[in-house]
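Peer 1: Sharing protein_28.pdb, PDB, C-alpha atoms:
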```
ATOM      1  CA  MET A   1      31.372  -6.923  22.383
ATOM      2  CA  ARG A   2      30.048  -3.785  20.784
ATOM      3  CA  ILE A   3      27.290  -4.022  18.205
ATOM      4  CA  THR A   4      24.613  -1.692  16.869
ATOM      5  CA  ILE A   5      20.926  -2.398  17.458
ATOM      6  CA  ASN A   6      18.353  -0.222  15.719
ATOM      7  CA  GLY A   7      20.936   2.454  15.123
ATOM      8  CA  ALA A   8      22.209   2.650  18.711
ATOM      9  CA  PRO A   9      25.567   1.235  19.858
ATOM     10  CA  ARG A  10      25.314  -1.397  22.572
ATOM     11  CA  ASP A  11      27.673  -3.699  24.505
ATOM     12  CA  VAL A  12      26.402  -7.268  24.767
ATOM     13  CA  VAL A  13      27.727 -10.505  26.193
ATOM     14  CA  ALA A  14      25.484 -12.628  23.955
ATOM     15  CA  THR A  15      27.001 -14.512  21.044
ATOM     16  CA  THR A  16      23.798 -15.137  19.095
ATOM     17  CA  LEU A  17      21.206 -12.884  17.534
ATOM     18  CA  ALA A  18      18.536 -14.229  19.884
ATOM     19  CA  GLY A  19      20.761 -13.493  22.884
ATOM     20  CA  ALA A  20      21.436  -9.933  21.765
ATOM     21  CA  LEU A  21      17.722  -9.275  21.255
ATOM     22  CA  ALA A  22      16.968 -10.621  24.734
ATOM     23  CA  GLU A  23      19.629  -8.368  26.297
ATOM     24  CA  ALA A  24      18.116  -5.382  24.503
ATOM     25  CA  GLU A  25      14.653  -6.482  25.688
ATOM     26  CA  LEU A  26      13.407  -6.641  22.120
ATOM     27  CA  THR A  27      10.646  -9.181  22.386
ATOM     28  CA  GLY A  28       7.171  -9.735  20.980
ATOM     29  CA  ARG A  29       6.232  -9.572  17.351
ATOM     30  CA  ILE A  30       9.396  -8.426  15.608
ATOM     31  CA  ALA A  31      11.365  -9.249  12.483
ATOM     32  CA  THR A  32      15.132  -9.099  12.377
ATOM     33  CA  ALA A  33      17.903  -8.345   9.934
ATOM     34  CA  LEU A  34      21.629  -8.853  10.567
ATOM     35  CA  ASN A  35      23.968  -6.646   8.535
ATOM     36  CA  GLY A  36      21.171  -5.915   6.083
ATOM     37  CA  SER A  37      20.018  -9.500   5.545
ATOM     38  CA  PHE A  38      16.765 -10.899   6.885
ATOM     39  CA  VAL A  39      17.125 -13.573   9.570
ATOM     40  CA  PRO A  40      13.943 -15.641  10.149
ATOM     41  CA  ALA A  41      12.797 -15.998  13.747
ATOM     42  CA  ALA A  42      13.570 -19.725  13.726
ATOM     43  CA  LEU A  43      17.253 -19.065  12.968
ATOM     44  CA  ARG A  44      17.925 -16.332  15.547
ATOM     45  CA  GLY A  45      19.062 -18.806  18.203
ATOM     46  CA  THR A  46      21.723 -20.304  15.946
ATOM     47  CA  THR A  47      22.840 -17.140  14.163
ATOM     48  CA  PRO A  48      26.157 -15.936  15.612
ATOM     49  CA  ILE A  49      26.936 -12.250  16.029
ATOM     50  CA  ARG A  50      30.336 -10.613  15.841
ATOM     51  CA  GLU A  51      31.986  -7.361  16.911
ATOM     52  CA  GLY A  52      30.645  -4.474  14.841
ATOM     53  CA  ASP A  53      27.507  -6.259  13.617
ATOM     54  CA  THR A  54      24.405  -4.242  12.864
ATOM     55  CA  ILE A  55      21.008  -5.558  13.896
ATOM     56  CA  GLU A  56      17.635  -4.210  12.880
ATOM     57  CA  ALA A  57      14.583  -5.289  14.899
ATOM     58  CA  LEU A  58      11.349  -4.092  13.317
ATOM     59  CA  SER A  59       7.794  -4.258  14.571
ATOM     60  CA  PRO A  60       4.320  -3.458  13.203
ATOM     61  CA  MET A  61       3.786   0.218  12.601
ATOM     62  CA  GLN A  62       1.219   2.517  10.995
ATOM     63  CA  GLY A  63       1.544   2.762   7.232
ATOM     64  CA  GLY A  64      -0.150   4.107   4.124
TER      65      GLY A  64
ATOM     66  CA  MET B   1     -16.021  -6.338  -5.694
ATOM     67  CA  PRO B   2     -12.279  -6.457  -6.337
ATOM     68  CA  VAL B   3     -10.460  -9.780  -6.540
ATOM     69  CA  PHE B   4      -6.772  -9.690  -5.664
ATOM     70  CA  TYR B   5      -4.728 -12.838  -6.145
ATOM     71  CA  GLY B   6      -7.822 -14.997  -5.909
ATOM     72  CA  THR B   7      -9.231 -13.287  -2.811
ATOM     73  CA  THR B   8     -12.497 -11.369  -3.119
ATOM     74  CA  ILE B   9     -12.625  -8.250  -0.967
ATOM     75  CA  ASP B  10     -16.001  -6.889   0.147
ATOM     76  CA  SER B  11     -15.086  -3.246  -0.375
ATOM     77  CA  ALA B  12     -13.351  -1.304  -3.133
ATOM     78  CA  LEU B  13     -11.912   1.042  -0.521
ATOM     79  CA  MET B  14      -8.460   0.278   0.849
ATOM     80  CA  LEU B  15      -7.385   2.398   3.790
ATOM     81  CA  GLY B  16      -4.048   3.278   5.349
ATOM     82  CA  THR B  17      -3.421   3.274   9.094
ATOM     83  CA  ALA B  18      -0.981   6.207   9.397
ATOM     84  CA  GLY B  19      -1.405   9.692  10.776
ATOM     85  CA  TYR B  20      -4.672   9.432  12.720
ATOM     86  CA  PRO B  21      -5.075  11.707  15.737
ATOM     87  CA  SER B  22      -5.603   8.696  18.025
ATOM     88  CA  PRO B  23      -6.039   4.906  17.931
ATOM     89  CA  LYS B  24      -9.724   5.396  18.766
ATOM     90  CA  ILE B  25     -10.215   7.645  15.745
ATOM     91  CA  LEU B  26      -8.383   5.140  13.551
ATOM     92  CA  THR B  27     -10.760   2.414  14.726
ATOM     93  CA  ASP B  28     -13.810   4.621  14.150
ATOM     94  CA  ALA B  29     -12.584   5.566  10.678
ATOM     95  CA  PHE B  30     -12.137   1.938   9.694
ATOM     96  CA  ALA B  31     -15.602   1.082  10.981
ATOM     97  CA  ARG B  32     -17.198   3.889   8.959
ATOM     98  CA  SER B  33     -15.124   3.187   5.844
ATOM     99  CA  GLY B  34     -16.111  -0.443   5.510
ATOM    100  CA  ALA B  35     -12.584  -0.960   4.122
ATOM    101  CA  GLY B  36     -11.600  -4.577   3.625
ATOM    102  CA  ILE B  37      -7.863  -3.998   3.439
ATOM    103  CA  ALA B  38      -5.578  -1.980   5.724
ATOM    104  CA  THR B  39      -2.064  -0.964   4.775
ATOM    105  CA  VAL B  40       0.563  -1.248   7.490
ATOM    106  CA  SER B  41       4.318  -0.890   7.779
ATOM    107  CA  LEU B  42       7.411  -1.926   9.719
ATOM    108  CA  ARG B  43       9.632   0.363  11.743
ATOM    109  CA  ARG B  44      12.280  -0.023  14.426
ATOM    110  CA  GLU B  45      10.694  -1.381  17.584
ATOM    111  CA  ALA B  46      10.507   1.494  20.031
ATOM    112  CA  GLY B  47       7.764   0.321  22.333
ATOM    113  CA  GLY B  48       4.603   0.943  20.313
ATOM    114  CA  GLY B  49       4.715  -1.964  17.899
ATOM    115  CA  GLN B  50       2.998  -4.537  20.050
ATOM    116  CA  ASP B  51       0.068  -2.260  20.934
ATOM    117  CA  PHE B  52      -0.362  -1.390  17.275
ATOM    118  CA  TRP B  53      -0.371  -5.084  16.392
ATOM    119  CA  ALA B  54      -3.241  -5.638  18.839
ATOM    120  CA  LEU B  55      -5.097  -2.653  17.384
ATOM    121  CA  ILE B  56      -4.909  -3.796  13.767
ATOM    122  CA  GLN B  57      -5.928  -7.312  14.737
ATOM    123  CA  SER B  58      -9.118  -5.842  16.171
ATOM    124  CA  LEU B  59     -10.001  -4.182  12.843
ATOM    125  CA  GLU B  60     -10.751  -7.580  11.276
ATOM    126  CA  VAL B  61      -9.479  -6.557   7.858
ATOM    127  CA  ARG B  62      -6.961  -8.076   5.519
ATOM    128  CA  LEU B  63      -3.478  -6.598   6.046
ATOM    129  CA  LEU B  64      -1.326  -5.252   3.240
ATOM    130  CA  PRO B  65       2.154  -4.425   4.561
ATOM    131  CA  ASN B  66       4.176  -1.893   2.580
ATOM    132  CA  THR B  67       7.840  -1.303   1.878
ATOM    133  CA  ALA B  68       7.542   2.448   2.386
ATOM    134  CA  GLY B  69      10.845   4.267   2.681
ATOM    135  CA  CYS B  70      12.815   1.766   0.613
ATOM    136  CA  HIS B  71      14.967   3.264  -2.122
ATOM    137  CA  SER B  72      16.400   0.150  -3.756
ATOM    138  CA  ALA B  73      15.208  -3.267  -4.859
ATOM    139  CA  ARG B  74      17.492  -4.838  -2.264
ATOM    140  CA  ASP B  75      15.987  -2.817   0.617
ATOM    141  CA  ALA B  76      12.479  -3.537  -0.587
ATOM    142  CA  VAL B  77      13.071  -7.282  -0.910
ATOM    143  CA  THR B  78      14.558  -7.496   2.593
ATOM    144  CA  THR B  79      11.709  -5.429   4.013
ATOM    145  CA  ALA B  80       9.191  -7.695   2.263
ATOM    146  CA  HIS B  81      10.774 -10.746   3.878
ATOM    147  CA  MET B  82      10.526  -9.115   7.296
ATOM    148  CA  ALA B  83       6.940  -8.011   6.682
ATOM    149  CA  ARG B  84       5.913 -11.512   5.632
ATOM    150  CA  GLU B  85       7.109 -12.898   8.941
ATOM    151  CA  VAL B  86       5.673 -10.173  11.164
ATOM    152  CA  PHE B  87       2.285  -9.858   9.472
ATOM    153  CA  ASP B  88       1.983 -13.479   8.406
ATOM    154  CA  THR B  89       0.971 -12.688   4.826
ATOM    155  CA  ASP B  90       2.444 -13.066   1.339
ATOM    156  CA  TRP B  91       0.772  -9.816   0.286
ATOM    157  CA  ILE B  92       3.142  -6.897  -0.118
ATOM    158  CA  LYS B  93       2.543  -3.333  -1.260
ATOM    159  CA  LEU B  94       5.789  -2.769  -3.089
ATOM    160  CA  GLU B  95       7.071   0.784  -2.838
ATOM    161  CA  VAL B  96      10.512   1.733  -4.067
ATOM    162  CA  ILE B  97      10.884   5.476  -3.805
ATOM    163  CA  GLY B  98      12.978   7.250  -6.404
ATOM    164  CA  HIS B  99      12.505  10.947  -5.754
ATOM    165  CA  ALA B 100      12.593  12.807  -2.447
ATOM    166  CA  ASP B 101      10.145  15.603  -3.300
ATOM    167  CA  THR B 102       7.512  13.740  -5.275
ATOM    168  CA  LEU B 103       7.982  10.275  -3.696
ATOM    169  CA  GLN B 104       7.712   9.085  -7.281
ATOM    170  CA  PRO B 105       8.532   5.386  -7.585
ATOM    171  CA  ASP B 106      11.881   4.290  -8.986
ATOM    172  CA  VAL B 107      10.287   2.122 -11.625
ATOM    173  CA  PHE B 108      13.532   0.367 -12.590
ATOM    174  CA  GLU B 109      14.204  -0.866  -9.055
ATOM    175  CA  LEU B 110      10.477  -1.545  -8.674
ATOM    176  CA  VAL B 111      10.366  -3.953 -11.622
ATOM    177  CA  GLU B 112      13.484  -5.731 -10.356
ATOM    178  CA  ALA B 113      12.065  -6.114  -6.837
ATOM    179  CA  ALA B 114       8.707  -7.260  -8.251
ATOM    180  CA  ARG B 115      10.442  -9.947 -10.293
ATOM    181  CA  ILE B 116      12.367 -11.282  -7.279
ATOM    182  CA  LEU B 117       9.413 -11.223  -4.898
ATOM    183  CA  SER B 118       6.952 -12.748  -7.382
ATOM    184  CA  ALA B 119       9.392 -15.599  -7.989
ATOM    185  CA  GLU B 120       9.546 -16.146  -4.232
ATOM    186  CA  GLY B 121       5.783 -16.520  -4.005
ATOM    187  CA  PHE B 122       4.791 -13.059  -2.833
ATOM    188  CA  SER B 123       1.562 -11.489  -4.055
ATOM    189  CA  VAL B 124       2.941  -8.151  -5.161
ATOM    190  CA  PHE B 125       0.880  -4.929  -5.213
ATOM    191  CA  PRO B 126       3.246  -2.483  -6.940
ATOM    192  CA  TYR B 127       2.920   1.247  -6.304
ATOM    193  CA  CYS B 128       3.732   2.529  -9.788
ATOM    194  CA  THR B 129       3.122   5.321 -12.262
ATOM    195  CA  GLU B 130       0.486   5.117 -14.990
ATOM    196  CA  ASP B 131       3.193   4.487 -17.615
ATOM    197  CA  LEU B 132       1.921   1.732 -19.915
ATOM    198  CA  VAL B 133       5.354   0.269 -20.573
ATOM    199  CA  VAL B 134       6.301   0.132 -16.897
ATOM    200  CA  CYS B 135       2.968  -1.519 -16.119
ATOM    201  CA  GLU B 136       3.543  -4.068 -18.876
ATOM    202  CA  ARG B 137       6.950  -4.883 -17.374
ATOM    203  CA  LEU B 138       5.405  -5.277 -13.925
ATOM    204  CA  LEU B 139       2.901  -7.770 -15.304
ATOM    205  CA  ASP B 140       5.752  -9.636 -17.040
ATOM    206  CA  ALA B 141       7.567  -9.671 -13.683
ATOM    207  CA  GLY B 142       4.673 -11.597 -12.158
ATOM    208  CA  CYS B 143       2.369  -8.912 -10.720
ATOM    209  CA  HIS B 144      -1.366  -9.566 -11.043
ATOM    210  CA  VAL B 145      -2.379  -6.169  -9.656
ATOM    211  CA  LEU B 146      -1.239  -2.659 -10.599
ATOM    212  CA  MET B 147      -1.472   0.368  -8.331
ATOM    213  CA  PRO B 148      -0.746   3.555 -10.294
ATOM    214  CA  TRP B 149      -0.582   6.827  -8.417
ATOM    215  CA  GLY B 150      -3.268   9.448  -8.837
ATOM    216  CA  ALA B 151      -0.892  12.178  -7.625
ATOM    217  CA  PRO B 152       2.104  12.348  -5.272
ATOM    218  CA  ILE B 153       1.632  10.585  -1.929
ATOM    219  CA  GLY B 154      -0.056  12.792   0.648
ATOM    220  CA  SER B 155      -0.691  15.633  -1.819
ATOM    221  CA  GLY B 156      -4.477  15.336  -2.040
ATOM    222  CA  LEU B 157      -4.325  16.595  -5.627
ATOM    223  CA  GLY B 158      -6.569  13.874  -7.017
ATOM    224  CA  LEU B 159      -6.084  12.312 -10.442
ATOM    225  CA  ASN B 160      -3.283  14.272 -12.131
ATOM    226  CA  ASN B 161      -3.450  12.373 -15.401
ATOM    227  CA  PRO B 162      -6.972  11.062 -15.978
ATOM    228  CA  HIS B 163      -6.213  10.356 -19.647
ATOM    229  CA  GLY B 164      -3.269   8.169 -18.707
ATOM    230  CA  LEU B 165      -5.277   6.334 -16.064
ATOM    231  CA  ARG B 166      -8.092   5.759 -18.575
ATOM    232  CA  ALA B 167      -5.598   4.461 -21.135
ATOM    233  CA  LEU B 168      -4.205   2.049 -18.553
ATOM    234  CA  ARG B 169      -7.699   0.751 -17.812
ATOM    235  CA  ALA B 170      -8.305   0.218 -21.522
ATOM    236  CA  ALA B 171      -4.915  -1.464 -22.035
ATOM    237  CA  PHE B 172      -5.358  -3.990 -19.233
ATOM    238  CA  PRO B 173      -9.089  -4.746 -18.987
ATOM    239  CA  ASP B 174      -8.557  -7.957 -16.999
ATOM    240  CA  VAL B 175      -5.945  -6.767 -14.501
ATOM    241  CA  PRO B 176      -7.159  -5.474 -11.121
ATOM    242  CA  LEU B 177      -6.232  -1.775 -11.028
ATOM    243  CA  VAL B 178      -6.082   0.399  -7.925
ATOM    244  CA  VAL B 179      -5.497   4.145  -7.782
ATOM    245  CA  ASP B 180      -3.012   4.495  -4.966
ATOM    246  CA  ALA B 181      -1.899   7.853  -3.612
ATOM    247  CA  GLY B 182      -2.944  11.429  -4.219
ATOM    248  CA  ILE B 183      -6.639  11.162  -3.448
ATOM    249  CA  GLY B 184      -7.839  14.036  -1.310
ATOM    250  CA  LEU B 185     -11.593  14.157  -1.795
ATOM    251  CA  PRO B 186     -14.465  11.723  -2.305
ATOM    252  CA  SER B 187     -14.916  13.160  -5.826
ATOM    253  CA  HIS B 188     -11.387  11.969  -6.689
ATOM    254  CA  ALA B 189     -12.182   8.476  -5.459
ATOM    255  CA  ALA B 190     -15.476   8.435  -7.340
ATOM    256  CA  ALA B 191     -13.743   9.593 -10.529
ATOM    257  CA  ALA B 192     -11.289   6.682 -10.349
ATOM    258  CA  MET B 193     -14.121   4.207  -9.836
ATOM    259  CA  GLU B 194     -16.164   5.750 -12.677
ATOM    260  CA  MET B 195     -13.224   4.981 -14.988
ATOM    261  CA  GLY B 196     -13.555   1.329 -14.116
ATOM    262  CA  TYR B 197     -10.805   1.075 -11.536
ATOM    263  CA  ASP B 198     -11.301  -1.855  -9.196
ATOM    264  CA  ALA B 199     -10.394  -0.038  -5.992
ATOM    265  CA  VAL B 200      -8.782   3.024  -4.484
ATOM    266  CA  LEU B 201      -6.182   3.121  -1.754
ATOM    267  CA  LEU B 202      -5.986   6.223   0.390
ATOM    268  CA  ASN B 203      -4.784   7.282   3.809
ATOM    269  CA  SER B 204      -4.093  10.990   4.322
ATOM    270  CA  ALA B 205      -7.446  12.087   2.883
ATOM    271  CA  VAL B 206      -9.111  10.398   5.838
ATOM    272  CA  ALA B 207      -6.445  10.633   8.539
ATOM    273  CA  ARG B 208      -5.804  14.350   7.989
ATOM    274  CA  ALA B 209      -9.449  15.364   7.636
ATOM    275  CA  GLY B 210     -10.936  17.397  10.469
ATOM    276  CA  ASP B 211     -13.284  14.500  11.184
ATOM    277  CA  PRO B 212     -11.567  11.339   9.930
ATOM    278  CA  ALA B 213     -14.459   8.982  10.650
ATOM    279  CA  ALA B 214     -16.949  11.197   8.785
ATOM    280  CA  MET B 215     -14.540  11.480   5.836
ATOM    281  CA  ALA B 216     -14.116   7.702   5.848
ATOM    282  CA  ALA B 217     -17.881   7.342   5.489
ATOM    283  CA  ALA B 218     -17.903   9.903   2.671
ATOM    284  CA  MET B 219     -15.165   7.984   0.864
ATOM    285  CA  ALA B 220     -17.112   4.743   1.213
ATOM    286  CA  ASP B 221     -20.175   6.416  -0.350
ATOM    287  CA  ALA B 222     -18.056   7.871  -3.162
ATOM    288  CA  VAL B 223     -16.435   4.569  -4.026
ATOM    289  CA  ARG B 224     -19.813   2.828  -4.054
ATOM    290  CA  ALA B 225     -21.360   5.544  -6.235
ATOM    291  CA  GLY B 226     -18.421   5.564  -8.625
ATOM    292  CA  ARG B 227     -18.519   1.813  -9.080
ATOM    293  CA  ALA B 228     -22.303   1.811  -9.587
ATOM    294  CA  ALA B 229     -21.932   4.561 -12.187
ATOM    295  CA  TYR B 230     -19.279   2.614 -14.081
ATOM    296  CA  LEU B 231     -21.480  -0.479 -14.155
ATOM    297  CA  ALA B 232     -24.442   1.659 -15.307
ATOM    298  CA  ASP B 233     -22.493   2.614 -18.470
ATOM    299  CA  PRO B 234     -22.337   6.436 -18.445
ATOM    300  CA  MET B 235     -23.707   8.445 -21.376
ATOM    301  CA  GLU B 236     -21.440   9.681 -24.151
ATOM    302  CA  ARG B 237     -20.080  13.196 -23.780
ATOM    303  CA  THR B 238     -20.725  15.779 -26.489
ATOM    304  CA  ASP B 239     -19.320  19.242 -26.982
ATOM    305  CA  MET B 240     -22.665  20.764 -27.972
ATOM    306  CA  ALA B 241     -26.018  20.930 -26.201
ATOM    307  CA  VAL B 242     -28.573  18.206 -26.869
ATOM    308  CA  PRO B 243     -32.109  19.152 -25.753
ATOM    309  CA  SER B 244     -33.430  16.700 -23.231
ATOM    310  CA  THR B 245     -37.055  17.866 -23.533
ATOM    311  CA  PRO B 246     -38.693  16.546 -26.750
ATOM    312  CA  VAL B 247     -38.853  19.148 -29.530
ATOM    313  CA  ILE B 248     -41.788  17.510 -31.275
ATOM    314  CA  GLY B 249     -45.162  18.811 -30.093
ATOM    315  CA  ARG B 250     -43.815  22.135 -28.959
ATOM    316  CA  ALA B 251     -46.534  24.841 -28.885
ATOM    317  CA  PHE B 252     -46.420  27.462 -31.611
ATOM    318  CA  LEU B 253     -46.762  30.741 -29.721
TER     319      LEU B 253
END
```
As structure tokens, how would this structure be written, given the file I've shared?
Peer 2:
Amino acid sequence: MRITINGAPRDVVATTLAGALAEAELTGRIATALNGSFVPAALRGTTPIREGDTIEALSPMQGG
Amino acid sequence: MPVFYGTTIDSALMLGTAGYPSPKILTDAFARSGAGIATVSLRREAGGGQDFWALIQSLEVRLLPNTAGCHSARDAVTTAHMAREVFDTDWIKLEVIGHADTLQPDVFELVEAARILSAEGFSVFPYCTEDLVVCERLLDAGCHVLMPWGAPIGSGLGLNNPHGLRALRAAFPDVPLVVDAGIGLPSHAAAAMEMGYDAVLLNSAVARAGDPAAMAAAMADAVRAGRAAYLADPMERTDMAVPSTPVIGRAFL
């Protein structure tokens, strides 16, 4: 199924948010949002994803 | 020393982590600044996030994640939730940008986001203007700190409206106040502290200096001097000269 991760289209076989992140090799200290809503780390494994979903995976970055 | 949400910070200088020429220079600048709080952000993971996490851990300062780049209350609230998880803190520097050229805050969305986040238990540090009414609304929304701009972010212009900043200090004598944004020189930072501000938050003034670590040290000195001057109760200003040497006993020549 085709989804968008951090702005880039991607085909994944995973059916959960955690699975999609693993396929995209997005690991470590990140926070996630699915279709604009925050999903806590503890819920990624049980959060289903669907065709056309948009995932944001954010990590620590420099800021002012 | 400033107290934010019950936490005493050892320095009145708060320093951003963006735009340094190298991680080593960032580390040196923090060491010279003595800053007790570092602002940080969240961006799409593109490989550098984990190294940066290790770097900021090594600074041994309190982290203040921001919502930079958000243009609505909804974006800012979601970003705050993500920041709380990644940085493991309830502290959030709330930025809701309303204007592309000035990066002026959208104060309407800001108040709304502050209300939501305060109700959820966040300790909100709102980046705001020096408008007394907006600041009053932010306090009503649950903020216990206010961070009015000195000048547009990254401009280095200093304190554009010293009268307004002074009025804000007078209006809210018990609220921790931080001048955030616009500081370019140590004299700007000292001026804010001389007015009785509790802290200053700056980034570009250090990161974009020719020698960031040396500028960080200069800022630390300025903030210390400004605070000491405020506590020493500066003399009254007058428009006319007042002789400092005694007139009595002057020789008649």
Peer 1: Might you spell out which residues the PyMOL selection byres ((chain A and resi 7-18) around 8) would select in the displayed file, as a tab-separated table (two decimals) with C-alpha atoms, keeping the file's coordinate frame?
Peer 2:
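As a result, part.tsv now contains:
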```
chain	number	residue	atom	x	y	z
A	1	MET	CA	31.37	-6.92	22.38
A	2	ARG	CA	30.05	-3.78	20.78
A	3	ILE	CA	27.29	-4.02	18.20
A	4	THR	CA	24.61	-1.69	16.87
A	5	ILE	CA	20.93	-2.40	17.46
A	6	ASN	CA	18.35	-0.22	15.72
A	19	GLY	CA	20.76	-13.49	22.88
A	20	ALA	CA	21.44	-9.93	21.76
A	21	LEU	CA	17.72	-9.28	21.26
A	22	ALA	CA	16.97	-10.62	24.73
A	23	GLU	CA	19.63	-8.37	26.30
A	44	ARG	CA	17.92	-16.33	15.55
A	45	GLY	CA	19.06	-18.81	18.20
A	46	THR	CA	21.72	-20.30	15.95
A	47	THR	CA	22.84	-17.14	14.16
A	48	PRO	CA	26.16	-15.94	15.61
A	49	ILE	CA	26.94	-12.25	16.03
A	50	ARG	CA	30.34	-10.61	15.84
A	54	THR	CA	24.40	-4.24	12.86
A	56	GLU	CA	17.64	-4.21	12.88
```
Peer 1: Please report, as a tab-separated table, each residue of chain B lying at most 9 Å from chain A, together with the nearest pair of atoms and the separation in Å rounded to one decimal; use only C-alpha atoms, and order rows by chain and ascending residue number.
Peer 2:
```
residue	atom	partner	partner_atom	distance
B:Leu15	CA	A:Gly64	CA	7.4
B:Gly16	CA	A:Gly64	CA	4.2
B:Thr17	CA	A:Gln62	CA	5.1
B:Ala18	CA	A:Gln62	CA	4.6
B:Gly19	CA	A:Gln62	CA	7.6
B:Ala38	CA	A:Gly64	CA	8.3
B:Thr39	CA	A:Gly64	CA	5.5
B:Val40	CA	A:Gly63	CA	4.1
B:Ser41	CA	A:Gly63	CA	4.6
B:Leu42	CA	A:Pro60	CA	4.9
B:Arg43	CA	A:Leu58	CA	5.0
B:Arg44	CA	A:Leu58	CA	4.3
B:Glu45	CA	A:Ser59	CA	5.1
B:Ala46	CA	A:Ser59	CA	8.4
B:Gly47	CA	A:Leu26	CA	9.0
B:Gly48	CA	A:Met61	CA	7.8
B:Gly49	CA	A:Pro60	CA	4.9
B:Gln50	CA	A:Arg29	CA	6.6
B:Asp51	CA	A:Pro60	CA	8.9
B:Phe52	CA	A:Met61	CA	6.5
B:Trp53	CA	A:Pro60	CA	5.9
B:Pro65	CA	A:Gly63	CA	7.7
B:Asn66	CA	A:Gly63	CA	7.1
B:Ala68	CA	A:Gly63	CA	7.7
B:Asp75	CA	A:Gly36	CA	8.1
B:Thr78	CA	A:Phe38	CA	5.9
B:Thr79	CA	A:Phe38	CA	8.0
B:His81	CA	A:Phe38	CA	6.7
B:Met82	CA	A:Ala31	CA	5.3
B:Ala83	CA	A:Ala31	CA	7.4
B:Glu85	CA	A:Ala31	CA	6.6
B:Val86	CA	A:Ala31	CA	5.9
B:Phe87	CA	A:Pro60	CA	7.7
B:Ala181	CA	A:Gly64	CA	8.8
B:Leu201	CA	A:Gly64	CA	8.5
B:Leu202	CA	A:Gly64	CA	7.2
B:Asn203	CA	A:Gly64	CA	5.6
B:Ser204	CA	A:Gly64	CA	7.9
```
Peer 1: Can you work out the spacing between atom CA of B:Val134 and atom CA of B:Leu110 in Å, to one decimal?
Peer 2: 9.4 Å
Peer 1: So that I can see what lies close to B:Arg74, please list as a list of chain:residue names the residues with an atom at most 10 Å from it, counting all atoms listed in the file and leaving out residues fewer than 6 positions away in the same chain.
Peer 2: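 Returned residues: A:Gly36, A:Ser37, B:Ala80, B:Val96, B:Glu109, B:Glu112, B:Ala113, B:Ile116.
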Peer 1: Evaluating the PyMOL selection byres ((chain B and resi 10) around 8) on the displayed file yields which residues, as a PDB file with C-alpha atoms, keeping the file's coordinate frame?
Peer 2:
```pdb
ATOM      1  CA  MET B   1     -16.021  -6.338  -5.694  1.00  0.00           C
ATOM      2  CA  PRO B   2     -12.279  -6.457  -6.337  1.00  0.00           C
ATOM      3  CA  THR B   8     -12.497 -11.369  -3.119  1.00  0.00           C
ATOM      4  CA  ILE B   9     -12.625  -8.250  -0.967  1.00  0.00           C
ATOM      5  CA  SER B  11     -15.086  -3.246  -0.375  1.00  0.00           C
ATOM      6  CA  ALA B  12     -13.351  -1.304  -3.133  1.00  0.00           C
ATOM      7  CA  ALA B  35     -12.584  -0.960   4.122  1.00  0.00           C
ATOM      8  CA  GLY B  36     -11.600  -4.577   3.625  1.00  0.00           C
TER       9      GLY B  36
END
```
Peer 1: Do you have the atom CA of B:Cys135-atom CA of B:Ala100 distance handy?
Peer 2: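 Separating atom CA of B:Cys135 from atom CA of B:Ala100 is a distance of 22.0 Å.
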Peer 1: Given the file shown, determine the residues that the PyMOL selection byres ((chain B and resi 139) around 12) selects; report them as a PyMOL selection string.
Peer 2: chain B and resi 110-112+114-115+118+123-126+128+132-138+140-147+172+174-177
Peer 1: Distance atom CA of B:Met215-atom CA of B:Glu130, one decimal place?
Peer 2: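 Distance between the two atoms: 26.5 Å.
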Peer 1: When you look at B:Tyr20 with a cut-off of 8 Å (counting only C-alpha atoms), what residues show up, excluding the ones that are within fewer than 5 positions of it in the same chain? I need them as a list in words.
Peer 2: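 The neighbour list is Ile25, Leu26, Ala207, Arg208 and Pro212 of chain B.
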Peer 1: If we count all atoms listed in the file, what is near B:Ala189 at a cut-off of 12 Å, once residues fewer than 4 positions away on the same chain are taken out, given as a PyMOL selection string?
Peer 2: chain B and resi 12-14+150+156-159+178-185+193-203+205-206+215-216+218-227
Peer 1: Since the input has fewer atoms than a full residue there, write stretch 8-15 of chain A out with N, CA and C atoms, as an mmCIF file, keeping the file's coordinate frame.
Peer 2:
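Writing done, so here's rebuild16.cif:
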```cif
data_model
loop_
_atom_site.group_PDB
_atom_site.id
_atom_site.type_symbol
_atom_site.label_atom_id
_atom_site.label_comp_id
_atom_site.auth_asym_id
_atom_site.auth_seq_id
_atom_site.Cartn_x
_atom_site.Cartn_y
_atom_site.Cartn_z
ATOM 1 N N ALA A 8 21.537 2.225 17.485
ATOM 2 C CA ALA A 8 22.209 2.650 18.711
ATOM 3 C C ALA A 8 23.310 1.655 19.084
ATOM 4 N N PRO A 9 24.506 2.153 19.438
ATOM 5 C CA PRO A 9 25.567 1.235 19.858
ATOM 6 C C PRO A 9 25.209 0.576 21.190
ATOM 7 N N ARG A 10 25.663 -0.669 21.357
ATOM 8 C CA ARG A 10 25.314 -1.397 22.572
ATOM 9 C C ARG A 10 26.366 -2.470 22.834
ATOM 10 N N ASP A 11 26.762 -2.619 24.113
ATOM 11 C CA ASP A 11 27.673 -3.699 24.505
ATOM 12 C C ASP A 11 26.844 -4.896 24.954
ATOM 13 N N VAL A 12 27.149 -6.056 24.393
ATOM 14 C CA VAL A 12 26.402 -7.268 24.767
ATOM 15 C C VAL A 12 27.382 -8.391 25.090
ATOM 16 N N VAL A 13 26.923 -9.315 25.915
ATOM 17 C CA VAL A 13 27.727 -10.505 26.193
ATOM 18 C C VAL A 13 27.257 -11.679 25.340
ATOM 19 N N ALA A 14 26.060 -11.552 24.771
ATOM 20 C CA ALA A 14 25.484 -12.628 23.955
ATOM 21 C C ALA A 14 26.355 -12.905 22.737
ATOM 22 N N THR A 15 26.248 -14.136 22.248
ATOM 23 C CA THR A 15 27.001 -14.512 21.044
ATOM 24 C C THR A 15 26.074 -14.886 19.894
#
```
